[in-house]
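Novice: For reference, this is start_7.cif, and it has mmCIF, C-alpha atoms.
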```cif
data_input
#
loop_
_atom_site.label_atom_id
_atom_site.label_comp_id
_atom_site.auth_asym_id
_atom_site.auth_seq_id
_atom_site.Cartn_x
_atom_site.Cartn_y
_atom_site.Cartn_z
CA MET A 1 64.56 159.27 124.79
CA ASN A 2 64.92 160.64 121.28
CA THR A 3 64.68 158.59 118.11
CA ARG A 4 67.32 159.08 115.43
CA ILE A 5 66.00 159.64 111.92
CA ALA A 6 68.35 160.20 109.00
CA GLY A 7 71.07 161.49 111.31
CA MET A 8 68.86 163.99 113.14
CA ASP A 9 67.19 163.99 116.54
CA VAL A 10 63.43 163.61 116.55
CA ALA A 11 61.56 164.86 119.59
CA PRO A 12 59.98 162.31 121.93
CA THR A 13 56.60 161.06 120.86
CA GLY A 14 53.52 162.87 122.04
CA THR A 15 54.97 166.39 121.77
CA GLY A 16 54.40 169.23 119.39
CA LEU A 17 53.94 168.34 115.74
CA LEU A 18 53.52 164.60 116.36
CA GLY A 19 57.24 163.97 116.57
CA ILE A 20 58.35 165.88 113.45
CA GLU A 21 59.27 169.23 114.93
CA VAL A 22 63.05 168.86 115.31
CA ILE A 23 63.70 167.69 111.77
CA GLU A 24 64.69 171.18 110.62
CA PRO A 25 63.79 174.48 112.30
CA GLU A 26 62.81 176.23 109.05
CA PHE A 27 60.52 173.38 108.03
CA ALA A 28 58.93 173.19 111.50
CA ALA A 29 58.37 176.93 111.58
CA SER A 30 56.69 176.83 108.18
CA VAL A 31 54.36 174.00 109.22
CA ARG A 32 53.51 175.71 112.51
CA ALA A 33 52.67 178.92 110.65
CA GLY A 34 50.48 176.97 108.26
CA LEU A 35 48.67 175.24 111.12
CA ALA A 36 48.02 178.62 112.75
CA GLN A 37 46.43 179.78 109.49
CA VAL A 38 44.37 176.60 109.41
CA GLU A 39 43.10 177.27 112.94
CA ASP A 40 42.06 180.80 112.01
CA ALA A 41 40.37 179.60 108.83
CA LEU A 42 38.52 176.83 110.68
CA ARG A 43 37.04 179.33 113.13
CA THR A 44 36.00 181.59 110.29
CA ALA A 45 34.48 178.70 108.37
CA VAL A 46 32.25 177.61 111.26
CA SER A 47 31.11 181.10 112.25
CA ASP A 48 27.40 181.69 111.79
CA ALA A 49 24.96 184.42 112.73
CA ASP A 50 22.62 181.93 114.38
CA PRO A 51 23.86 181.43 117.97
CA LEU A 52 23.00 177.71 118.15
CA VAL A 53 24.58 176.87 114.80
CA HIS A 54 27.63 178.94 115.72
CA SER A 55 28.03 177.25 119.10
CA ALA A 56 27.45 173.71 117.87
CA ALA A 57 29.72 174.07 114.83
CA ARG A 58 32.58 175.54 116.86
CA HIS A 59 32.25 172.89 119.56
CA LEU A 60 34.80 170.40 118.20
CA VAL A 61 36.96 173.05 116.56
CA GLU A 62 37.48 174.60 120.00
CA ALA A 63 38.12 171.17 121.54
CA GLY A 64 41.32 170.94 119.52
CA GLY A 65 42.82 167.67 118.33
CA LYS A 66 45.93 166.44 116.53
CA ARG A 67 45.09 168.23 113.25
CA PHE A 68 46.71 165.24 111.58
CA ARG A 69 45.10 165.86 108.19
CA PRO A 70 46.20 169.51 107.90
CA LEU A 71 49.63 168.46 109.11
CA LEU A 72 49.87 165.95 106.25
CA ALA A 73 48.66 168.49 103.69
CA LEU A 74 51.09 171.16 104.83
CA SER A 75 54.01 168.74 105.01
CA ALA A 76 53.29 167.28 101.56
CA ALA A 77 53.20 170.81 100.16
CA HIS A 78 56.90 171.19 101.01
CA PHE A 79 57.72 168.98 98.03
CA GLY A 80 56.49 171.90 95.93
CA ASP A 81 55.64 175.53 96.69
CA ALA A 82 54.51 175.29 100.30
CA GLY A 83 53.48 178.93 100.28
CA ALA A 84 50.89 178.52 97.53
CA ASP A 85 47.63 180.19 98.54
CA ALA A 86 45.39 177.16 98.02
CA VAL A 87 47.36 174.82 100.31
CA VAL A 88 45.91 176.13 103.57
CA GLN A 89 42.38 176.21 102.15
CA ALA A 90 42.71 172.59 101.02
CA ALA A 91 43.98 171.62 104.47
CA VAL A 92 40.92 173.31 106.02
CA VAL A 93 38.61 171.36 103.69
CA ALA A 94 40.16 168.10 104.86
CA GLU A 95 39.85 169.01 108.54
CA LEU A 96 36.25 170.25 108.22
CA THR A 97 35.33 166.96 106.54
CA HIS A 98 36.99 165.05 109.36
CA LEU A 99 35.24 167.10 112.03
CA ALA A 100 31.89 166.54 110.33
CA THR A 101 32.40 162.77 110.52
CA LEU A 102 33.15 163.03 114.24
CA TYR A 103 29.74 164.57 114.93
CA HIS A 104 28.09 161.69 113.07
CA ASP A 105 30.35 159.07 114.69
CA ASP A 106 29.43 160.27 118.18
CA VAL A 107 25.75 159.84 117.41
CA MET A 108 26.29 156.35 116.02
CA ASP A 109 28.47 155.37 119.00
CA GLU A 110 26.31 157.20 121.55
CA ALA A 111 29.55 158.72 122.80
CA PRO A 112 29.22 161.05 125.80
CA VAL A 113 32.72 162.57 125.47
CA ARG A 114 34.89 163.73 122.58
CA ARG A 115 38.39 165.19 123.06
CA GLY A 116 37.87 165.54 126.78
CA ALA A 117 34.66 167.58 126.42
CA PRO A 118 30.99 166.56 126.29
CA SER A 119 30.13 165.38 122.78
CA ALA A 120 27.74 167.48 120.72
CA ASN A 121 25.01 164.86 121.02
CA ALA A 122 25.42 164.82 124.81
CA ARG A 123 25.46 168.61 125.09
CA TRP A 124 22.56 169.17 122.70
CA THR A 125 20.74 166.26 121.03
CA ASN A 126 21.44 163.60 118.41
CA THR A 127 19.46 165.62 115.89
CA ILE A 128 21.51 168.77 116.47
CA ALA A 129 24.75 166.76 116.27
CA ILE A 130 23.75 165.15 112.95
CA LEU A 131 22.67 168.44 111.44
CA THR A 132 25.86 170.13 112.66
CA GLY A 133 27.89 167.45 110.91
CA ASP A 134 25.87 168.12 107.76
CA TYR A 135 26.55 171.84 108.15
CA LEU A 136 30.30 171.22 108.33
CA PHE A 137 30.15 169.04 105.21
CA ALA A 138 28.38 171.94 103.49
CA ARG A 139 31.07 174.40 104.61
CA ALA A 140 33.78 172.06 103.34
CA SER A 141 31.96 171.78 100.00
CA ASP A 142 31.71 175.55 99.75
CA LEU A 143 35.45 175.94 100.31
CA VAL A 144 36.48 173.13 97.98
CA ALA A 145 34.39 174.64 95.18
CA ASP A 146 36.88 177.52 95.07
CA LEU A 147 39.70 175.04 94.45
CA GLY A 148 38.37 173.82 91.11
CA PRO A 149 36.55 170.83 89.63
CA ASP A 150 39.40 168.36 90.23
CA ALA A 151 39.35 169.14 93.94
CA VAL A 152 35.55 168.88 94.06
CA ARG A 153 35.64 165.50 92.35
CA LEU A 154 38.40 164.26 94.67
CA GLN A 155 36.48 165.43 97.73
CA ALA A 156 33.31 163.69 96.52
CA ARG A 157 35.09 160.42 95.80
CA THR A 158 36.87 160.55 99.13
CA PHE A 159 33.60 161.11 100.94
CA ALA A 160 32.05 158.19 99.07
CA ARG A 161 34.89 155.90 100.20
CA LEU A 162 34.62 157.16 103.76
CA VAL A 163 30.88 156.52 103.93
CA THR A 164 31.27 153.13 102.24
CA GLY A 165 33.76 152.15 104.93
CA GLN A 166 31.33 153.21 107.65
CA ILE A 167 28.54 151.19 106.04
CA ARG A 168 30.78 148.13 105.77
CA GLU A 169 31.81 148.45 109.40
CA THR A 170 28.20 148.78 110.51
CA ALA A 171 27.09 145.76 108.47
CA GLY A 172 30.10 143.64 109.45
CA PRO A 173 31.95 141.04 107.37
CA ALA A 174 30.05 138.50 105.29
CA ASP A 175 29.86 134.93 106.50
CA GLY A 176 33.16 133.21 105.90
CA ALA A 177 35.07 136.44 105.26
CA ASP A 178 38.43 136.98 106.93
CA ALA A 179 37.64 139.34 109.81
CA VAL A 180 41.14 140.84 109.97
CA GLU A 181 41.34 141.48 106.22
CA PHE A 182 37.85 143.01 106.31
CA HIS A 183 38.82 145.25 109.23
CA LEU A 184 41.93 146.57 107.51
CA HIS A 185 39.95 147.29 104.35
CA VAL A 186 37.40 149.23 106.40
CA LEU A 187 40.18 151.26 108.02
CA ALA A 188 41.60 152.12 104.60
CA GLU A 189 38.19 153.44 103.54
CA LYS A 190 37.07 155.09 106.79
CA THR A 191 40.37 156.64 107.84
CA GLY A 192 43.03 156.15 105.20
CA SER A 193 40.99 157.68 102.38
CA LEU A 194 40.72 161.19 103.86
CA ILE A 195 44.32 161.20 105.09
CA ALA A 196 45.46 160.14 101.62
CA THR A 197 43.42 162.98 100.14
CA SER A 198 44.95 165.41 102.62
CA ALA A 199 48.44 164.52 101.39
CA ARG A 200 47.22 164.68 97.79
CA PHE A 201 45.74 168.13 98.36
CA GLY A 202 49.09 169.37 99.67
CA ALA A 203 50.93 167.96 96.67
CA MET A 204 48.35 169.15 94.11
CA PHE A 205 48.12 172.72 95.27
CA SER A 206 51.84 173.18 95.81
CA GLY A 207 52.43 172.29 92.17
CA CYS A 208 54.01 168.84 92.54
CA GLY A 209 54.18 166.67 89.45
CA PRO A 210 52.06 163.52 88.97
CA ALA A 211 54.69 161.05 90.23
CA ILE A 212 55.28 162.86 93.52
CA THR A 213 51.56 163.49 93.97
CA GLU A 214 50.70 159.80 93.52
CA THR A 215 53.47 158.71 95.87
CA LEU A 216 52.37 161.12 98.59
CA THR A 217 48.77 159.97 98.16
CA ALA A 218 49.81 156.34 98.61
CA TYR A 219 51.93 157.32 101.61
CA GLY A 220 48.92 159.11 103.11
CA GLU A 221 46.78 156.00 102.95
CA GLU A 222 49.44 153.79 104.52
CA ILE A 223 50.19 156.23 107.34
CA GLY A 224 46.48 156.87 107.79
CA VAL A 225 45.73 153.22 108.47
CA ALA A 226 48.85 153.02 110.64
CA PHE A 227 47.69 156.01 112.70
CA GLN A 228 44.29 154.41 113.31
CA LEU A 229 45.89 151.10 114.27
CA SER A 230 48.15 153.03 116.62
CA ASP A 231 45.20 154.82 118.21
CA ASP A 232 43.40 151.51 118.68
CA LEU A 233 46.45 149.90 120.28
CA LEU A 234 46.92 152.91 122.53
CA ASP A 235 43.37 152.42 123.82
CA ILE A 236 44.56 149.07 125.15
CA ALA A 237 48.23 149.72 125.90
CA SER A 238 48.04 153.09 127.65
CA THR A 239 47.54 153.40 131.37
CA SER A 240 46.48 157.04 131.05
CA ALA A 241 44.33 159.07 128.65
CA GLU A 242 47.15 159.42 126.07
CA SER A 243 44.73 158.49 123.31
CA GLY A 244 42.39 161.38 124.11
CA LYS A 245 39.86 159.00 125.62
CA THR A 246 39.74 156.73 128.64
CA PRO A 247 41.67 153.50 127.99
CA GLY A 248 39.35 150.60 127.33
CA THR A 249 36.76 152.75 125.56
CA ASP A 250 36.70 150.43 122.55
CA LEU A 251 36.10 147.42 124.81
CA ARG A 252 33.24 149.22 126.54
CA GLU A 253 31.65 149.99 123.18
CA GLY A 254 32.28 146.55 121.73
CA VAL A 255 34.44 147.97 118.91
CA PRO A 256 36.35 145.09 117.27
CA THR A 257 39.84 146.55 116.91
CA LEU A 258 42.68 144.55 115.36
CA ALA A 259 44.10 143.19 118.62
CA VAL A 260 40.63 142.06 119.70
CA LEU A 261 40.03 140.33 116.36
CA HIS A 262 43.33 138.48 116.67
CA ALA A 263 42.46 137.49 120.24
CA LEU A 264 39.00 136.24 119.30
CA ALA A 265 40.50 134.14 116.50
CA GLY A 266 42.79 132.35 118.96
CA ASN A 267 42.08 128.99 120.58
CA ASP A 268 44.61 128.84 123.42
CA PRO A 269 42.75 127.47 126.47
CA ALA A 270 44.84 129.77 128.66
CA GLU A 271 43.19 132.75 126.95
CA ALA A 272 39.61 131.53 127.30
CA ARG A 273 38.79 134.11 129.96
CA MET A 274 40.12 136.93 127.77
CA ARG A 275 38.02 135.77 124.81
CA GLU A 276 34.96 135.52 127.04
CA LEU A 277 35.41 139.11 128.22
CA ILE A 278 36.06 140.75 124.85
CA ALA A 279 33.39 138.89 122.89
CA ARG A 280 30.82 141.48 123.99
CA PRO A 281 30.73 145.12 125.13
CA ILE A 282 32.03 145.35 128.71
CA THR A 283 30.17 147.58 131.13
CA ASP A 284 31.80 146.60 134.43
CA ASP A 285 34.91 148.63 135.33
CA ASP A 286 36.64 145.69 136.97
CA GLU A 287 36.07 143.52 133.91
CA VAL A 288 37.41 146.25 131.64
CA ALA A 289 40.57 146.41 133.76
CA GLU A 290 40.86 142.63 133.69
CA ALA A 291 40.42 142.47 129.91
CA LEU A 292 42.99 145.21 129.38
CA GLY A 293 45.50 143.39 131.55
CA LEU A 294 45.00 140.14 129.67
CA LEU A 295 45.18 141.79 126.25
CA ARG A 296 48.34 143.74 127.03
CA GLY A 297 50.33 140.58 127.57
CA SER A 298 48.74 138.55 124.79
CA PRO A 299 50.13 137.39 121.43
CA ALA A 300 47.20 139.27 119.87
CA MET A 301 48.85 142.58 120.81
CA SER A 302 52.12 141.46 119.26
CA SER A 303 50.31 140.50 116.05
CA ALA A 304 48.55 143.87 115.91
CA ARG A 305 51.84 145.69 116.50
CA ASP A 306 53.45 143.67 113.70
CA THR A 307 50.68 144.81 111.34
CA LEU A 308 51.15 148.42 112.44
CA ALA A 309 54.90 148.13 111.82
CA ALA A 310 54.25 146.72 108.34
CA TYR A 311 52.07 149.69 107.38
CA ALA A 312 54.70 152.09 108.72
CA GLN A 313 57.42 150.32 106.74
CA ARG A 314 55.41 150.48 103.52
CA ALA A 315 54.98 154.21 104.12
CA ARG A 316 58.76 154.59 104.55
CA ASP A 317 59.41 152.60 101.39
CA LEU A 318 57.23 155.03 99.45
CA LEU A 319 59.04 158.04 100.89
CA ALA A 320 62.39 156.60 99.84
CA THR A 321 61.45 157.29 96.21
CA LEU A 322 60.83 161.01 96.84
CA PRO A 323 63.33 163.90 96.62
CA ASP A 324 65.59 164.23 99.66
CA VAL A 325 64.11 167.35 101.24
CA PRO A 326 63.31 168.14 104.89
CA ALA A 327 59.66 167.18 104.37
CA ARG A 328 60.68 163.63 103.49
CA ASN A 329 62.63 163.28 106.74
CA ALA A 330 59.70 164.75 108.65
CA LEU A 331 57.19 162.34 107.14
CA GLU A 332 59.60 159.49 107.78
CA SER A 333 59.80 160.43 111.45
CA LEU A 334 56.02 160.30 111.55
CA THR A 335 56.14 156.63 110.58
CA TYR A 336 58.27 155.95 113.65
CA TYR A 337 56.05 158.06 115.85
CA VAL A 338 52.92 156.04 115.09
CA VAL A 339 54.74 152.85 116.10
CA ASP A 340 56.64 154.17 119.11
CA ARG A 341 53.64 155.83 120.76
CA THR A 342 52.09 152.41 121.51
CA SER A 343 55.25 150.89 123.05
#
```
As structure tokens, please, write out the structure in this file.
Specialist:
Amino acid sequence: MNTRIAGMDVAPTGTGLLGIEVIEPEFAASVRAGLAQVEDALRTAVSDADPLVHSAARHLVEAGGKRFRPLLALSAAHFGDAGADAVVQAAVVAELTHLATLYHDDVMDEAPVRRGAPSANARWTNTIAILTGDYLFARASDLVADLGPDAVRLQARTFARLVTGQIRETAGPADGADAVEFHLHVLAEKTGSLIATSARFGAMFSGCGPAITETLTAYGEEIGVAFQLSDDLLDIASTSAESGKTPGTDLREGVPTLAVLHALAGNDPAEARMRELIARPITDDDEVAEALGLLRGSPAMSSARDTLAAYAQRARDLLATLPDVPARNALESLTYYVVDRTS
């Protein structure tokens, strides 16, 4: 069924532009055209005369994906001059940076599959995957240099936050630290930071003023964390590969997502079996299925959904202060999409 946003129909979740495409035809057409330019620019950016570099660098570009970061940049640009030349290039910088992190993440996670295709480390080697990620960071740096020193500085600071979040996650919380609070802080650094920068890029290069730019940046961080929480919940809640990976992947890898952290913090004797299963990586298919079944009906899932809803609401509150243009309605619909897709 369709969700109603600001008096307009929003397409069902999981279709097209992540639920924003029926806000206004002219807006949707503009964003689609921008995304097509981003796709062309991505393929150009990762082209290389060396066959191995060319093949490895194009691997994840060709695998597709949500293009969430370019979508945010292009949508944010509609609060200013969406047709400004630098907007698409900034969106490409954000996506190249994201793709580079995926190559590194797959090595760290020893992931065999990414976006339904063999991961770069599985197809080639860990070394090739790491170096390909480095190559994509270099390409992003080359492109951002054309956008001026402010963009270069923003990119560098964003990358520093992203890496800091990854280091924190790898090291884990300090003794006595609140595991949930720590987890949410890591998500803000690892995921929210680049999505916030994507929205900021769109605002900056479309000529938005400081107030609108800061608001869109804050919105980007809130929706970025919400989108990651939504992905993590979908890994538990879905009964198909809606999340782009096999449900239960996080449990198999021992990734402590928010619902798992809430479950582990519980002490209900009736949930002892669930806590026993999720306290370690699960390798047995039957145990994964059992853990998923127990988690889906647990209070831990409700708590995680409440947190997701809170992030989405904060994002909506920020949007309410922005000019009433189609982009605002579109970004508002996105806040509902990230919640509804896990229901």
Novice: Name the residues captured by the PyMOL selection byres ((chain A and resi 312) around 8) when it is applied to the shown file; answer as a CSV table (one decimal) with C-alpha atoms, keeping the file's coordinate frame.
Specialist:
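Wrote out.csv, looks like this:
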```csv
chain,number,residue,atom,x,y,z
A,222,GLU,CA,49.4,153.8,104.5
A,223,ILE,CA,50.2,156.2,107.3
A,226,ALA,CA,48.8,153.0,110.6
A,308,LEU,CA,51.2,148.4,112.4
A,309,ALA,CA,54.9,148.1,111.8
A,310,ALA,CA,54.2,146.7,108.3
A,311,TYR,CA,52.1,149.7,107.4
A,313,GLN,CA,57.4,150.3,106.7
A,314,ARG,CA,55.4,150.5,103.5
A,315,ALA,CA,55.0,154.2,104.1
A,316,ARG,CA,58.8,154.6,104.6
A,335,THR,CA,56.1,156.6,110.6
A,336,TYR,CA,58.3,156.0,113.6
A,338,VAL,CA,52.9,156.0,115.1
A,339,VAL,CA,54.7,152.8,116.1
```
Novice: Return as JSON, numbers by chain the set of residues that the PyMOL selection byres ((chain A and resi 256-260) around 10) yields on the displayed structure.
Specialist: {"A": [169, 179, 180, 181, 183, 184, 228, 229, 231, 232, 233, 235, 236, 250, 251, 253, 254, 255, 261, 262, 263, 264, 265, 266, 274, 275, 278, 279, 280, 281, 295, 296, 298, 299, 300, 301, 302, 303, 304, 305, 307, 308]}
Novice: Write out, as an mmCIF file, keeping the file's coordinate frame, the residues just selected, with C-alpha atoms.
Specialist:
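Listing of out_11.cif after writing:
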```
data_model
loop_
_atom_site.group_PDB
_atom_site.id
_atom_site.type_symbol
_atom_site.label_atom_id
_atom_site.label_comp_id
_atom_site.auth_asym_id
_atom_site.auth_seq_id
_atom_site.Cartn_x
_atom_site.Cartn_y
_atom_site.Cartn_z
ATOM 1 C CA GLU A 169 31.810 148.450 109.400
ATOM 2 C CA ALA A 179 37.640 139.340 109.810
ATOM 3 C CA VAL A 180 41.140 140.840 109.970
ATOM 4 C CA GLU A 181 41.340 141.480 106.220
ATOM 5 C CA HIS A 183 38.820 145.250 109.230
ATOM 6 C CA LEU A 184 41.930 146.570 107.510
ATOM 7 C CA GLN A 228 44.290 154.410 113.310
ATOM 8 C CA LEU A 229 45.890 151.100 114.270
ATOM 9 C CA ASP A 231 45.200 154.820 118.210
ATOM 10 C CA ASP A 232 43.400 151.510 118.680
ATOM 11 C CA LEU A 233 46.450 149.900 120.280
ATOM 12 C CA ASP A 235 43.370 152.420 123.820
ATOM 13 C CA ILE A 236 44.560 149.070 125.150
ATOM 14 C CA ASP A 250 36.700 150.430 122.550
ATOM 15 C CA LEU A 251 36.100 147.420 124.810
ATOM 16 C CA GLU A 253 31.650 149.990 123.180
ATOM 17 C CA GLY A 254 32.280 146.550 121.730
ATOM 18 C CA VAL A 255 34.440 147.970 118.910
ATOM 19 C CA LEU A 261 40.030 140.330 116.360
ATOM 20 C CA HIS A 262 43.330 138.480 116.670
ATOM 21 C CA ALA A 263 42.460 137.490 120.240
ATOM 22 C CA LEU A 264 39.000 136.240 119.300
ATOM 23 C CA ALA A 265 40.500 134.140 116.500
ATOM 24 C CA GLY A 266 42.790 132.350 118.960
ATOM 25 C CA MET A 274 40.120 136.930 127.770
ATOM 26 C CA ARG A 275 38.020 135.770 124.810
ATOM 27 C CA ILE A 278 36.060 140.750 124.850
ATOM 28 C CA ALA A 279 33.390 138.890 122.890
ATOM 29 C CA ARG A 280 30.820 141.480 123.990
ATOM 30 C CA PRO A 281 30.730 145.120 125.130
ATOM 31 C CA LEU A 295 45.180 141.790 126.250
ATOM 32 C CA ARG A 296 48.340 143.740 127.030
ATOM 33 C CA SER A 298 48.740 138.550 124.790
ATOM 34 C CA PRO A 299 50.130 137.390 121.430
ATOM 35 C CA ALA A 300 47.200 139.270 119.870
ATOM 36 C CA MET A 301 48.850 142.580 120.810
ATOM 37 C CA SER A 302 52.120 141.460 119.260
ATOM 38 C CA SER A 303 50.310 140.500 116.050
ATOM 39 C CA ALA A 304 48.550 143.870 115.910
ATOM 40 C CA ARG A 305 51.840 145.690 116.500
ATOM 41 C CA THR A 307 50.680 144.810 111.340
ATOM 42 C CA LEU A 308 51.150 148.420 112.440
#
```
Novice: Do you have, as a Markdown table, the list of residues of stretch 169-207 of chain A lying at most 7 Å from stretch 58-81 of chain A, each with its nearest atom pair and that distance in Å to one decimal, counting all atoms listed in the file and ordered by chain then number?
Specialist:
```
| residue | atom | partner | partner_atom | distance |
| --- | --- | --- | --- | --- |
| A:Ile195 | CA | A:Arg69 | CA | 5.7 |
| A:Ser198 | CA | A:Ala73 | CA | 4.9 |
| A:Ala199 | CA | A:Ala73 | CA | 4.6 |
| A:Phe201 | CA | A:Ala73 | CA | 6.1 |
| A:Gly202 | CA | A:Ala73 | CA | 4.1 |
| A:Ala203 | CA | A:Ala77 | CA | 5.0 |
| A:Ser206 | CA | A:Asp81 | CA | 4.6 |
| A:Gly207 | CA | A:Gly80 | CA | 5.5 |
```
Novice: Got a sec to resolve the PyMOL selection byres ((chain A and resi 157-165) around 9) on this structure and send the residues as number ranges by chain?
Specialist: A: 97, 152-156, 166-170, 185-194, 196-197
Novice: Please provide as a PyMOL selection string all residues within 8 Å of A:Leu96, with the sequence filter that same-chain residues fewer than 2 positions apart are discarded (counting all atoms listed in the file).
Specialist: chain A and resi 42+92-94+98-100+136-137+139-140
Novice: Please determine, counting all atoms listed in the file, which residue among A:Pro173, A:Pro323, A:Gly148, A:Gly248 has the shortest atom-to-atom distance to A:Ala211.
Specialist: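 Selected residue with least distance to A:Ala211: A:Pro323.
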Novice: Please measure the separation of atom CA of A:Thr321 and atom CA of A:Tyr219, giving the value in Å to one decimal.
Specialist: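 About the pair atom CA of A:Thr321 and atom CA of A:Tyr219: they are 10.9 Å apart.
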Novice: A:Thr217, A:Gln89, A:Thr125, A:Thr249: which is nearest A:Ala291, counting all atoms listed in the file?
Specialist: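 Of all the options, A:Thr249 lies closest to A:Ala291.
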Novice: Work out how far apart atom CA of A:Asp146 and atom CA of A:Ala90 are and give it in Å to one decimal.
Specialist: 9.7 Å
Novice: List every protein, DNA or RNA residue with an atom no more than 12 Å from (63.6, 157.4, 100.1) in the file's coordinates, counting only C-alpha atoms, and format the result as a PyMOL selection string.
Specialist: chain A and resi 6+212+215-216+219+313-332
Novice: Of the residues A:Pro51, A:Ala57, A:Asn267, A:Gln37, which is the one nearest to A:Gly83, using all atoms listed in the file?
Specialist: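 Of all the options, A:Gln37 lies closest to A:Gly83.
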Novice: Between atom CA of A:Ser230 and atom CA of A:Thr342, what is the distance, to one decimal in Å?
Specialist: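 Atom CA of A:Thr342 lies at a distance of 6.3 Å from atom CA of A:Ser230.
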